[in-house]
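K.L.:
What follows is the file protein_36.tsv, containing TSV, C-alpha atoms and all ligand atoms:
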```
chain	number	residue	atom	x	y	z
A	1	MET	CA	2.41	-17.02	22.56
A	2	LYS	CA	1.59	-16.67	18.88
A	3	LYS	CA	1.69	-13.02	17.81
A	4	HIS	CA	-1.00	-11.54	15.59
A	5	ASN	CA	0.69	-8.79	13.61
A	6	PHE	CA	-1.63	-5.88	12.77
A	7	TYR	CA	1.09	-3.27	12.17
A	8	ALA	CA	0.36	-0.77	9.37
A	9	GLY	CA	3.88	-0.74	7.92
A	10	PRO	CA	6.37	-2.20	7.89
A	11	SER	CA	3.91	-5.00	8.31
A	12	ILE	CA	3.25	-8.71	8.18
A	13	LEU	CA	4.80	-10.69	5.33
A	14	PRO	CA	4.09	-14.29	4.39
A	15	GLU	CA	6.08	-16.84	6.40
A	16	PHE	CA	7.18	-18.13	2.98
A	17	THR	CA	8.84	-14.74	2.31
A	18	ILE	CA	10.53	-14.52	5.71
A	19	LYS	CA	11.88	-18.09	5.63
A	20	ASN	CA	13.15	-18.02	2.05
A	21	THR	CA	14.73	-14.62	2.56
A	22	ALA	CA	16.40	-15.75	5.78
A	23	GLU	CA	17.78	-18.75	3.92
A	24	ALA	CA	19.09	-16.58	1.07
A	25	VAL	CA	20.82	-14.34	3.58
A	26	LEU	CA	22.87	-17.41	4.51
A	27	ASN	CA	23.14	-19.18	1.17
A	28	PHE	CA	21.73	-17.58	-1.97
A	29	ALA	CA	20.71	-19.79	-4.88
A	30	GLY	CA	23.34	-22.41	-4.03
A	31	THR	CA	26.18	-19.90	-4.42
A	32	GLY	CA	27.44	-20.52	-0.90
A	33	LEU	CA	27.29	-16.72	-0.44
A	34	SER	CA	24.74	-14.40	1.08
A	35	VAL	CA	22.34	-12.57	-1.23
A	36	MET	CA	23.76	-9.46	0.49
A	37	GLU	CA	27.30	-10.12	-0.76
A	38	VAL	CA	26.75	-11.20	-4.35
A	39	SER	CA	27.04	-8.81	-7.31
A	40	HIS	CA	23.69	-7.48	-8.45
A	41	ARG	CA	25.00	-8.22	-11.93
A	42	SER	CA	25.61	-11.90	-11.18
A	43	LYS	CA	23.42	-14.22	-13.23
A	44	GLU	CA	21.73	-15.39	-10.02
A	45	PHE	CA	20.61	-11.92	-8.97
A	46	VAL	CA	19.71	-10.75	-12.49
A	47	ALA	CA	17.36	-13.75	-12.55
A	48	VAL	CA	15.75	-12.56	-9.29
A	49	MET	CA	15.08	-9.08	-10.70
A	50	ASP	CA	13.80	-10.46	-14.01
A	51	GLN	CA	11.45	-12.89	-12.29
A	52	ALA	CA	10.13	-10.25	-9.88
A	53	ILE	CA	9.31	-7.88	-12.74
A	54	ALA	CA	7.74	-10.70	-14.77
A	55	LEU	CA	5.58	-11.80	-11.83
A	56	VAL	CA	4.27	-8.27	-11.18
A	57	LYS	CA	3.28	-8.15	-14.85
A	58	GLU	CA	1.66	-11.58	-14.71
A	59	LEU	CA	-0.25	-11.11	-11.43
A	60	LEU	CA	-1.66	-7.70	-12.40
A	61	ASN	CA	-2.17	-8.47	-16.11
A	62	VAL	CA	0.03	-5.51	-16.98
A	63	PRO	CA	-0.73	-4.70	-20.64
A	64	ALA	CA	1.80	-4.09	-23.42
A	65	GLY	CA	3.21	-0.57	-23.36
A	66	TYR	CA	3.75	-0.60	-19.59
A	67	GLN	CA	6.99	-1.25	-17.72
A	68	VAL	CA	7.59	-2.34	-14.14
A	69	VAL	CA	10.51	-0.89	-12.19
A	70	PHE	CA	11.93	-1.24	-8.69
A	71	ILE	CA	13.49	1.95	-7.33
A	72	GLY	CA	14.99	2.88	-3.95
A	73	GLY	CA	13.71	5.80	-1.92
A	74	GLY	CA	10.26	4.52	-0.99
A	75	ALA	CA	6.91	5.96	-2.02
A	76	SER	CA	8.00	9.41	-0.84
A	77	THR	CA	10.56	9.68	-3.65
A	78	GLN	CA	7.79	8.77	-6.09
A	79	PHE	CA	5.91	11.87	-4.83
A	80	CYS	CA	8.52	13.98	-6.64
A	81	MET	CA	9.33	11.60	-9.51
A	82	VAL	CA	5.72	11.65	-10.73
A	83	PRO	CA	5.49	15.42	-11.34
A	84	PHE	CA	9.13	15.60	-12.45
A	85	ASN	CA	8.36	13.12	-15.24
A	86	LEU	CA	4.71	13.86	-16.10
A	87	MET	CA	3.76	17.42	-15.20
A	88	LYS	CA	3.90	19.83	-18.11
A	89	SER	CA	1.95	22.64	-16.46
A	90	LYS	CA	-1.03	21.48	-14.42
A	91	ALA	CA	-1.93	18.45	-12.35
A	92	GLY	CA	-4.88	17.58	-10.12
A	93	TYR	CA	-4.60	16.00	-6.67
A	94	LEU	CA	-7.33	14.34	-4.66
A	95	ASN	CA	-6.57	15.10	-1.01
A	96	THR	CA	-7.69	12.04	0.93
A	97	GLY	CA	-5.06	11.94	3.66
A	98	ALA	CA	-1.62	12.83	4.96
A	99	TRP	CA	0.19	10.86	2.25
A	100	ALA	CA	-1.98	12.39	-0.48
A	101	ALA	CA	-1.23	15.85	0.93
A	102	LYS	CA	2.50	15.12	0.94
A	103	ALA	CA	2.36	14.03	-2.70
A	104	GLN	CA	0.46	17.21	-3.53
A	105	LYS	CA	3.03	19.39	-1.77
A	106	GLU	CA	5.86	17.95	-3.87
A	107	ALA	CA	3.94	18.56	-7.11
A	108	LYS	CA	3.73	22.29	-6.33
A	109	LEU	CA	7.47	22.48	-7.02
A	110	PHE	CA	6.75	21.70	-10.67
A	111	GLY	CA	3.67	23.67	-11.74
A	112	ASP	CA	0.03	24.41	-11.03
A	113	VAL	CA	-1.64	22.04	-8.61
A	114	ILE	CA	-5.42	21.87	-8.49
A	115	GLU	CA	-6.85	20.20	-5.39
A	116	VAL	CA	-9.91	18.65	-7.04
A	117	ALA	CA	-11.46	17.70	-3.68
A	118	SER	CA	-10.48	17.14	-0.07
A	119	SER	CA	-11.87	15.32	2.94
A	120	LYS	CA	-9.54	17.11	5.35
A	121	ASP	CA	-12.56	18.93	6.86
A	122	ALA	CA	-13.64	15.62	8.47
A	123	ASN	CA	-10.19	14.31	9.40
A	124	TYR	CA	-10.20	12.35	6.13
A	125	ASN	CA	-12.89	9.90	7.21
A	126	TYR	CA	-14.49	9.68	3.76
A	127	ILE	CA	-13.61	9.65	0.07
A	128	PRO	CA	-14.91	12.76	-1.75
A	129	LYS	CA	-17.18	12.02	-4.71
A	130	GLY	CA	-18.87	13.91	-7.51
A	131	PHE	CA	-16.10	16.53	-7.78
A	132	ASP	CA	-15.22	18.37	-10.97
A	133	VAL	CA	-12.08	17.37	-12.81
A	134	PRO	CA	-10.67	19.95	-15.27
A	135	SER	CA	-10.21	18.19	-18.60
A	136	ASP	CA	-6.81	19.81	-19.26
A	137	LEU	CA	-4.94	18.19	-16.36
A	138	ASP	CA	-1.69	16.45	-17.24
A	139	TYR	CA	-2.80	13.83	-14.70
A	140	LEU	CA	-4.91	13.37	-11.61
A	141	HIS	CA	-3.15	11.89	-8.59
A	142	ILE	CA	-5.10	9.67	-6.21
A	143	THR	CA	-4.17	7.60	-3.16
A	144	THR	CA	-6.24	4.44	-3.46
A	145	ASN	CA	-5.83	3.34	0.15
A	146	ASN	CA	-5.38	5.83	2.95
A	147	THR	CA	-3.34	3.79	5.40
A	148	ILE	CA	-3.73	6.21	8.32
A	149	TYR	CA	-7.50	6.85	8.06
A	150	GLY	CA	-8.80	3.52	6.73
A	151	THR	CA	-10.50	4.75	3.58
A	152	GLU	CA	-10.06	3.13	0.19
A	153	ILE	CA	-11.06	3.77	-3.41
A	154	LYS	CA	-11.85	0.19	-4.37
A	155	THR	CA	-12.70	0.74	-8.03
A	156	ASP	CA	-10.70	2.04	-10.99
A	157	LEU	CA	-11.89	5.60	-11.59
A	158	ASP	CA	-12.88	6.89	-15.03
A	159	LEU	CA	-12.55	10.67	-14.89
A	160	GLY	CA	-11.48	11.54	-18.42
A	161	VAL	CA	-7.88	12.42	-17.50
A	162	PRO	CA	-4.81	10.21	-16.97
A	163	ILE	CA	-4.72	8.80	-13.45
A	164	VAL	CA	-1.63	8.34	-11.30
A	165	ALA	CA	-2.18	6.24	-8.19
A	166	ASP	CA	-0.26	5.74	-4.97
A	167	MET	CA	-1.16	2.13	-4.16
A	168	SER	CA	1.40	1.65	-1.39
A	169	SER	CA	-1.00	-0.08	0.96
A	170	ASP	CA	-3.45	-1.90	-1.31
A	171	ILE	CA	-1.37	-3.09	-4.26
A	172	PHE	CA	-1.95	-6.83	-4.91
A	173	SER	CA	-4.96	-6.85	-2.57
A	174	ARG	CA	-7.59	-6.75	-5.34
A	175	PRO	CA	-7.63	-6.93	-9.14
A	176	ILE	CA	-7.03	-3.62	-10.92
A	177	ASP	CA	-7.21	-2.55	-14.55
A	178	VAL	CA	-3.69	-1.22	-15.12
A	179	SER	CA	-4.70	0.27	-18.48
A	180	LYS	CA	-6.69	2.92	-16.60
A	181	TYR	CA	-3.51	4.41	-15.08
A	182	ASP	CA	-0.45	6.28	-16.36
A	183	ILE	CA	1.56	5.36	-13.27
A	184	ILE	CA	0.86	3.11	-10.30
A	185	TYR	CA	3.47	3.23	-7.56
A	186	GLY	CA	4.03	2.42	-3.92
A	187	GLY	CA	6.49	1.60	-1.21
A	188	ALA	CA	7.00	-2.14	-0.79
A	189	GLN	CA	6.70	-2.30	3.00
A	190	LYS	CA	2.93	-2.66	3.33
A	191	ASN	CA	1.99	-5.64	1.20
A	192	LEU	CA	5.13	-6.85	-0.59
A	193	ALA	CA	8.55	-6.72	1.06
A	194	PRO	CA	10.68	-5.05	3.71
A	195	SER	CA	11.16	-1.28	3.32
A	196	GLY	CA	13.88	0.03	1.06
A	197	VAL	CA	12.30	-0.31	-2.35
A	198	ALA	CA	9.36	1.14	-4.24
A	199	PHE	CA	7.64	-0.33	-7.27
A	200	ALA	CA	6.28	1.64	-10.22
A	201	ILE	CA	4.19	0.48	-13.14
A	202	VAL	CA	4.69	3.06	-15.84
A	203	LYS	CA	2.91	3.64	-19.14
A	204	GLU	CA	5.78	4.33	-21.53
A	205	GLY	CA	3.60	6.56	-23.70
A	206	ALA	CA	3.15	8.95	-20.77
A	207	LEU	CA	6.90	9.67	-20.59
A	208	GLY	CA	9.01	12.06	-22.65
A	209	LYS	CA	6.44	14.87	-22.78
A	210	VAL	CA	8.00	17.36	-20.38
A	211	ASP	CA	10.60	19.96	-21.39
A	212	ARG	CA	12.52	20.09	-18.12
A	213	GLN	CA	15.81	18.29	-17.54
A	214	ILE	CA	15.32	15.28	-15.29
A	215	PRO	CA	18.20	14.13	-13.07
A	216	THR	CA	19.22	10.65	-14.19
A	217	MET	CA	18.16	8.81	-11.03
A	218	LEU	CA	14.74	10.54	-10.97
A	219	ASP	CA	13.96	9.75	-14.60
A	220	TYR	CA	11.70	6.69	-15.01
A	221	ARG	CA	13.31	6.19	-18.45
A	222	THR	CA	16.66	5.40	-16.76
A	223	HIS	CA	15.18	2.63	-14.64
A	224	ILE	CA	13.11	1.22	-17.50
A	225	ASP	CA	16.04	1.18	-19.95
A	226	LYS	CA	18.37	-0.44	-17.41
A	227	GLU	CA	15.75	-2.89	-16.11
A	228	SER	CA	15.99	-1.48	-12.56
A	229	MET	CA	19.76	-2.03	-12.59
A	230	PHE	CA	21.04	1.46	-13.45
A	231	ASN	CA	22.66	1.53	-10.04
A	232	THR	CA	22.76	-1.06	-7.27
A	233	PRO	CA	19.15	-1.92	-6.44
A	234	PRO	CA	18.08	-2.77	-2.86
A	235	VAL	CA	18.91	-6.44	-3.37
A	236	LEU	CA	17.43	-7.87	-0.18
A	237	PRO	CA	14.01	-6.16	-0.46
A	238	VAL	CA	13.84	-7.17	-4.14
A	239	TYR	CA	14.66	-10.77	-3.20
A	240	ALA	CA	11.92	-10.71	-0.56
A	241	ALA	CA	9.49	-9.14	-3.05
A	242	LEU	CA	10.09	-12.06	-5.40
A	243	GLN	CA	9.18	-14.46	-2.58
A	244	THR	CA	5.93	-12.62	-1.84
A	245	LEU	CA	5.03	-12.50	-5.53
A	246	THR	CA	5.69	-16.24	-5.80
A	247	TRP	CA	3.51	-16.82	-2.72
A	248	LEU	CA	0.73	-14.72	-4.26
A	249	LYS	CA	0.83	-16.78	-7.44
A	250	ASP	CA	0.92	-20.08	-5.53
A	251	ASN	CA	-2.08	-18.99	-3.45
A	252	GLY	CA	-4.44	-18.33	-6.31
A	253	GLY	CA	-3.29	-14.88	-7.39
A	254	ILE	CA	-4.92	-11.53	-6.82
A	255	ALA	CA	-8.56	-12.57	-7.23
A	256	SER	CA	-8.14	-15.11	-4.48
A	257	MET	CA	-6.43	-12.52	-2.24
A	258	GLU	CA	-9.38	-10.18	-2.75
A	259	LYS	CA	-11.78	-12.90	-1.66
A	260	ARG	CA	-9.78	-13.54	1.52
A	261	ASN	CA	-9.40	-9.83	2.21
A	262	ILE	CA	-13.14	-9.20	1.88
A	263	GLU	CA	-13.79	-12.09	4.25
A	264	LYS	CA	-11.24	-10.93	6.86
A	265	ALA	CA	-12.32	-7.28	6.78
A	266	GLY	CA	-15.98	-8.33	6.87
A	267	LEU	CA	-15.44	-10.31	10.08
A	268	LEU	CA	-13.93	-7.30	11.83
A	269	TYR	CA	-16.29	-4.62	10.46
A	270	ASP	CA	-19.28	-6.78	11.45
A	271	GLU	CA	-18.00	-7.06	15.01
A	272	ILE	CA	-17.29	-3.31	15.22
A	273	GLU	CA	-20.82	-2.62	14.07
A	274	SER	CA	-22.57	-5.06	16.38
A	275	ASN	CA	-20.42	-4.48	19.48
A	276	LYS	CA	-21.77	-1.50	21.44
A	277	PHE	CA	-18.32	-0.57	22.80
A	278	PHE	CA	-16.82	0.22	19.40
A	279	LYS	CA	-17.48	2.25	16.29
A	280	ALA	CA	-15.76	2.53	12.91
A	281	THR	CA	-14.23	5.92	12.13
A	282	VAL	CA	-15.28	5.62	8.47
A	283	GLU	CA	-19.05	5.69	7.99
A	284	ALA	CA	-19.78	4.87	4.35
A	285	ASP	CA	-19.40	1.15	3.64
A	286	GLU	CA	-18.07	1.78	0.14
A	287	ASP	CA	-15.23	3.91	1.59
A	288	LYS	CA	-14.13	1.38	4.21
A	289	SER	CA	-10.65	0.04	3.59
A	290	LEU	CA	-10.11	-3.70	3.31
A	291	MET	CA	-6.48	-3.20	4.43
A	292	ASN	CA	-6.55	-0.80	7.40
A	293	ILE	CA	-9.56	-1.01	9.66
A	294	CYS	CA	-9.85	2.01	11.96
A	295	PHE	CA	-12.14	2.00	14.99
A	296	VAL	CA	-12.52	3.82	18.28
A	297	MET	CA	-14.39	3.31	21.54
A	298	ASN	CA	-17.96	4.52	21.32
A	299	ASP	CA	-18.39	7.97	22.90
A	300	GLU	CA	-19.63	6.79	26.30
A	301	TYR	CA	-16.80	4.24	26.67
A	302	THR	CA	-13.73	6.27	25.70
A	303	GLU	CA	-12.17	5.79	29.14
A	304	LEU	CA	-12.08	2.02	28.48
A	305	GLU	CA	-9.65	2.32	25.56
A	306	LYS	CA	-6.65	1.31	27.65
A	307	ASP	CA	-8.52	-1.73	29.03
A	308	PHE	CA	-9.27	-3.04	25.56
A	309	MET	CA	-5.70	-2.44	24.45
A	310	GLU	CA	-4.50	-4.51	27.39
A	311	LEU	CA	-6.91	-7.33	26.68
A	312	ALA	CA	-6.07	-7.47	22.97
A	313	THR	CA	-2.35	-7.37	23.79
A	314	SER	CA	-2.79	-10.25	26.24
A	315	LYS	CA	-4.22	-12.31	23.35
A	316	GLY	CA	-1.11	-11.68	21.24
A	317	CYS	CA	-2.44	-8.82	19.10
A	318	VAL	CA	0.40	-6.47	18.14
A	319	GLY	CA	0.31	-3.12	16.35
A	320	ILE	CA	-3.37	-2.24	16.83
A	321	LYS	CA	-2.82	1.26	18.21
A	322	GLY	CA	-4.44	3.80	15.88
A	323	HIS	CA	-2.33	6.48	14.23
A	324	ARG	CA	-1.96	9.50	16.51
A	325	SER	CA	-4.03	11.67	14.14
A	326	VAL	CA	-7.03	9.31	14.41
A	327	GLY	CA	-6.64	7.69	17.83
A	328	GLY	CA	-8.31	4.48	18.94
A	329	PHE	CA	-7.34	1.35	17.07
A	330	ARG	CA	-6.21	0.35	13.62
A	331	ALA	CA	-6.04	-3.28	12.55
A	332	SER	CA	-4.15	-3.72	9.30
A	333	THR	CA	-5.35	-6.81	7.47
A	334	TYR	CA	-2.84	-7.09	4.65
A	335	ASN	CA	-2.63	-10.10	2.32
A	336	ALA	CA	-0.30	-12.06	4.59
A	337	LEU	CA	-2.46	-11.71	7.71
A	338	PRO	CA	-4.24	-15.03	8.32
A	339	LYS	CA	-7.96	-15.08	9.00
A	340	GLU	CA	-7.13	-16.68	12.34
A	341	SER	CA	-5.54	-13.43	13.53
A	342	VAL	CA	-8.73	-11.49	12.78
A	343	GLU	CA	-10.69	-14.15	14.64
A	344	VAL	CA	-8.48	-13.68	17.71
A	345	LEU	CA	-9.07	-9.90	17.67
A	346	VAL	CA	-12.82	-10.37	17.17
A	347	ALA	CA	-12.92	-12.87	20.06
A	348	ALA	CA	-11.11	-10.32	22.26
A	349	MET	CA	-13.77	-7.71	21.38
A	350	LYS	CA	-16.55	-10.15	22.28
A	351	GLU	CA	-14.85	-11.08	25.55
A	352	PHE	CA	-14.41	-7.38	26.35
A	353	ALA	CA	-18.12	-6.74	25.77
A	354	SER	CA	-19.17	-9.65	27.97
A	355	LYS	CA	-16.85	-8.50	30.80
A	356	HIS	CA	-18.12	-4.90	30.86
B	1	LIG	C1	3.43	4.25	3.86
B	1	LIG	C2	2.87	5.08	2.78
B	1	LIG	C3	3.65	6.01	2.06
B	1	LIG	C4	5.09	6.32	2.43
B	1	LIG	O1	5.93	5.33	2.03
B	1	LIG	P1	7.52	5.46	2.19
B	1	LIG	O2	8.00	4.27	1.42
B	1	LIG	O3	7.83	5.42	3.64
B	1	LIG	O4	7.96	6.74	1.57
B	1	LIG	C5	3.06	6.69	1.01
B	1	LIG	N1	1.78	6.47	0.67
B	1	LIG	C6	1.00	5.60	1.35
B	1	LIG	C7	-0.42	5.40	0.92
B	1	LIG	C8	1.52	4.88	2.41
B	1	LIG	O5	0.76	4.00	3.08
```
I'd like the structure from this file rewritten - as structure tokens, please.
Ligand SMILES: *Cc1c(COP(=O)(O)O)cnc(C)c1O

P.N.:
Amino acid sequence: MKKHNFYAGPSILPEFTIKNTAEAVLNFAGTGLSVMEVSHRSKEFVAVMDQAIALVKELLNVPAGYQVVFIGGGASTQFCMVPFNLMKSKAGYLNTGAWAAKAQKEAKLFGDVIEVASSKDANYNYIPKGFDVPSDLDYLHITTNNTIYGTEIKTDLDLGVPIVADMSSDIFSRPIDVSKYDIIYGGAQKNLAPSGVAFAIVKEGALGKVDRQIPTMLDYRTHIDKESMFNTPPVLPVYAALQTLTWLKDNGGIASMEKRNIEKAGLLYDEIESNKFFKATVEADEDKSLMNICFVMNDEYTELEKDFMELATSKGCVGIKGHRSVGGFRASTYNALPKESVEVLVAAMKEFASKH
């Protein structure tokens, strides 16, 4: 049976990415060797890294003065690299979820952290708005998409201070104005590649302002100056990232992804709203994520949760169990998820309603 992959991360990748990467594992760029056993300094692999960086810049219209780097260690290493490199004395953090809180915790090792707002009081089911932002912050850190709770900041914020954004789970899903950010970063394993690599888009003018010594590997400057080749990069994830970026470009780029993502999420949110057995955990439409759609059984039907899980599983839906801190269901509708998969889940919800 065809599987419909709704996992939150690692998560679905384009078939194009999986096939080309599988092929390169056997025979990379006609070398007769695996991409896993070729020097990262070979001309073939240097071309992969160069093209991946160039495609990120092209797809996101990255302006002059910004650099793109690929770094091991996932998004969680970025939680400490950001304050290490940018925090002189004081940074703001918007606490919209468990990942945001983890980023905030790391920053406290480096100076004063101001929590400008938090939605923890309501299990992070909304995005705080209208909060004060001190004008003397070195930066304000936001998490644009809260993978666990299904909330998303879908616009570029203008708050009068430099913004740093964790975009692990919504990068490449909608157009963004990179010039509004000092750093955009994320782990690759939600919308780009297998785990093992993080991306960062760094405004060069934001670097070099802190007095502290930065260990070489944690200094963005190192990775920029050496074009992500200071040490051995995660070659296989970077190769896969290049395939996904190529697929994005061949499929109309980011604007076209956004259109598809709005359509897919709309199908599912509409069904959640009209089906009396279910309800979305996020109430405000403008806060609802287009990437991770969280829903639970309506209060009077909570004992039917297992039944729906069984039905959806029997239709091939995989990975729809909600995160333990939210419960219920979470359908992740990343770029690579076809509309057909959402239609199968929606049909299962309709069938469930007609059977009960
Ligand atoms: C998954 C995720 C992370 C953690 O990524 P790692 O690469 O595992 O460190 C951080 N932030 C967000 C928003 C995520 O979805």

K.L.:
For a quick check of understanding, using all atoms listed in the file, which of A:Asp50, A:Asp112, A:Glu263, A:Asp136 has the smallest distance to Lys226 (chain A)?

P.N.:
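Counting all atoms listed in the file, the residue closest to Lys226 (chain A) is A:Asp50.
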
K.L.:
Within 8 Å of ligand LIG 1 (chain B) (counting all atoms listed in the file), which residues show up? I'd like them as a PyMOL selection string.

P.N.:
chain A and resi 8-9+73-78+99-100+143-148+166-169+186-190+195-198

K.L.:
Okay, now the selection with C-alpha atoms, as a PDB file, in the frame of the given file?

P.N.:
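Saved to out06.pdb:
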```
ATOM      1  CA  ALA A   8       0.360  -0.770   9.370  1.00  0.00           C
ATOM      2  CA  GLY A   9       3.880  -0.740   7.920  1.00  0.00           C
ATOM      3  CA  GLY A  73      13.710   5.800  -1.920  1.00  0.00           C
ATOM      4  CA  GLY A  74      10.260   4.520  -0.990  1.00  0.00           C
ATOM      5  CA  ALA A  75       6.910   5.960  -2.020  1.00  0.00           C
ATOM      6  CA  SER A  76       8.000   9.410  -0.840  1.00  0.00           C
ATOM      7  CA  THR A  77      10.560   9.680  -3.650  1.00  0.00           C
ATOM      8  CA  GLN A  78       7.790   8.770  -6.090  1.00  0.00           C
ATOM      9  CA  TRP A  99       0.190  10.860   2.250  1.00  0.00           C
ATOM     10  CA  ALA A 100      -1.980  12.390  -0.480  1.00  0.00           C
ATOM     11  CA  THR A 143      -4.170   7.600  -3.160  1.00  0.00           C
ATOM     12  CA  THR A 144      -6.240   4.440  -3.460  1.00  0.00           C
ATOM     13  CA  ASN A 145      -5.830   3.340   0.150  1.00  0.00           C
ATOM     14  CA  ASN A 146      -5.380   5.830   2.950  1.00  0.00           C
ATOM     15  CA  THR A 147      -3.340   3.790   5.400  1.00  0.00           C
ATOM     16  CA  ILE A 148      -3.730   6.210   8.320  1.00  0.00           C
ATOM     17  CA  ASP A 166      -0.260   5.740  -4.970  1.00  0.00           C
ATOM     18  CA  MET A 167      -1.160   2.130  -4.160  1.00  0.00           C
ATOM     19  CA  SER A 168       1.400   1.650  -1.390  1.00  0.00           C
ATOM     20  CA  SER A 169      -1.000  -0.080   0.960  1.00  0.00           C
ATOM     21  CA  GLY A 186       4.030   2.420  -3.920  1.00  0.00           C
ATOM     22  CA  GLY A 187       6.490   1.600  -1.210  1.00  0.00           C
ATOM     23  CA  ALA A 188       7.000  -2.140  -0.790  1.00  0.00           C
ATOM     24  CA  GLN A 189       6.700  -2.300   3.000  1.00  0.00           C
ATOM     25  CA  LYS A 190       2.930  -2.660   3.330  1.00  0.00           C
ATOM     26  CA  SER A 195      11.160  -1.280   3.320  1.00  0.00           C
ATOM     27  CA  GLY A 196      13.880   0.030   1.060  1.00  0.00           C
ATOM     28  CA  VAL A 197      12.300  -0.310  -2.350  1.00  0.00           C
ATOM     29  CA  ALA A 198       9.360   1.140  -4.240  1.00  0.00           C
TER      30      ALA A 198
END
```

K.L.:
Can you pull out every residue within 10 Å of Arg330 (chain A), counting only C-alpha atoms, but drop anything in the same chain fewer than 6 positions away, and send it as a list of chain:residue names?

P.N.:
A:Phe6, A:Tyr7, A:Ala8, A:Thr147, A:Ile148, A:Tyr149, A:Gly150, A:Ala280, A:Thr281, A:Met291, A:Asn292, A:Ile293, A:Cys294, A:Phe295, A:Val296, A:Gly319, A:Ile320, A:Lys321, A:Gly322, A:His323

K.L.:
List as a list in words the protein and nucleic acid residues near region 40-43 of chain A, meaning an atom at most 10 Å away when all atoms listed in the file are counted, but skip any in the same chain fewer than 6 places from it.

P.N.:
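Once the nearby chain positions are removed, what remains is Met49, Met229, Asn231, Thr232, Pro233, Pro234 and Val235 of chain A.
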
K.L.:
What's the separation between CA of Glu152 (chain A) and CA of Val282 (chain A), in Å to one decimal place?

P.N.:
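Atom-to-atom, CA of Glu152 (chain A) to CA of Val282 (chain A), that is 10.1 Å.
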
K.L.:
Could you check the closest approach to Ile142 (chain A) for each of A:Lys19, A:Lys2, A:Arg174, A:Lys102 and tell me which residue wins, using only C-alpha atoms?

P.N.:
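The shortest atom-to-atom distance to Ile142 (chain A) comes from A:Lys102.
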
K.L.:
Quick one: residues within 8 Å of Asn335 (chain A), all atoms listed in the file counted, chain neighbours fewer than 2 positions away excluded, as a compact mmCIF listing (two decimals) with C-alpha atoms, in the frame of the given file?

P.N.:
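part.txt written:
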```txt
# COMPACT_ATOMS: atom_id res chain seq x y z
CA PHE A 172 -1.95 -6.83 -4.91
CA SER A 173 -4.96 -6.85 -2.57
CA ASN A 191 1.99 -5.64 1.20
CA MET A 257 -6.43 -12.52 -2.24
CA ARG A 260 -9.78 -13.54 1.52
CA ASN A 261 -9.40 -9.83 2.21
CA THR A 333 -5.35 -6.81 7.47
CA LEU A 337 -2.46 -11.71 7.71
CA PRO A 338 -4.24 -15.03 8.32
```

K.L.:
Please write out, as lines of an AutoDock Vina configuration file, where the centre of an axis-aligned box around all listed atoms of region 119-133 of chain A lies and how long its edges are, in Å to one decimal, after adding 6 Å on each side.

P.N.:
```
center_x = -14.2
center_y = 14.3
center_z = -1.7
size_x = 21.3
size_y = 21.3
size_z = 34.2
```

K.L.:
Fewer than 4 positions away in the same chain doesn't count, so skip those; otherwise give me all residues within 8 Å of Gln67 (chain A), counting all atoms listed in the file, as a ChimeraX atom specification.

P.N.:
/A:201-204,224

K.L.:
Could the residues in this selection be saved with C-alpha atoms as an mmCIF file, keeping the file's coordinate frame?

P.N.:
```cif
data_model
loop_
_atom_site.group_PDB
_atom_site.id
_atom_site.type_symbol
_atom_site.label_atom_id
_atom_site.label_comp_id
_atom_site.auth_asym_id
_atom_site.auth_seq_id
_atom_site.Cartn_x
_atom_site.Cartn_y
_atom_site.Cartn_z
ATOM 1 C CA ILE A 201 4.190 0.480 -13.140
ATOM 2 C CA VAL A 202 4.690 3.060 -15.840
ATOM 3 C CA LYS A 203 2.910 3.640 -19.140
ATOM 4 C CA GLU A 204 5.780 4.330 -21.530
ATOM 5 C CA ILE A 224 13.110 1.220 -17.500
#
```

K.L.:
For a quick check of understanding, using all atoms listed in the file, which of A:Leu137, A:Val326, A:Cys317, A:Ala200 has the smallest distance to Met1 (chain A)?

P.N.:
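Once distances to Met1 (chain A) are computed over all atoms listed in the file, the minimum belongs to A:Cys317.
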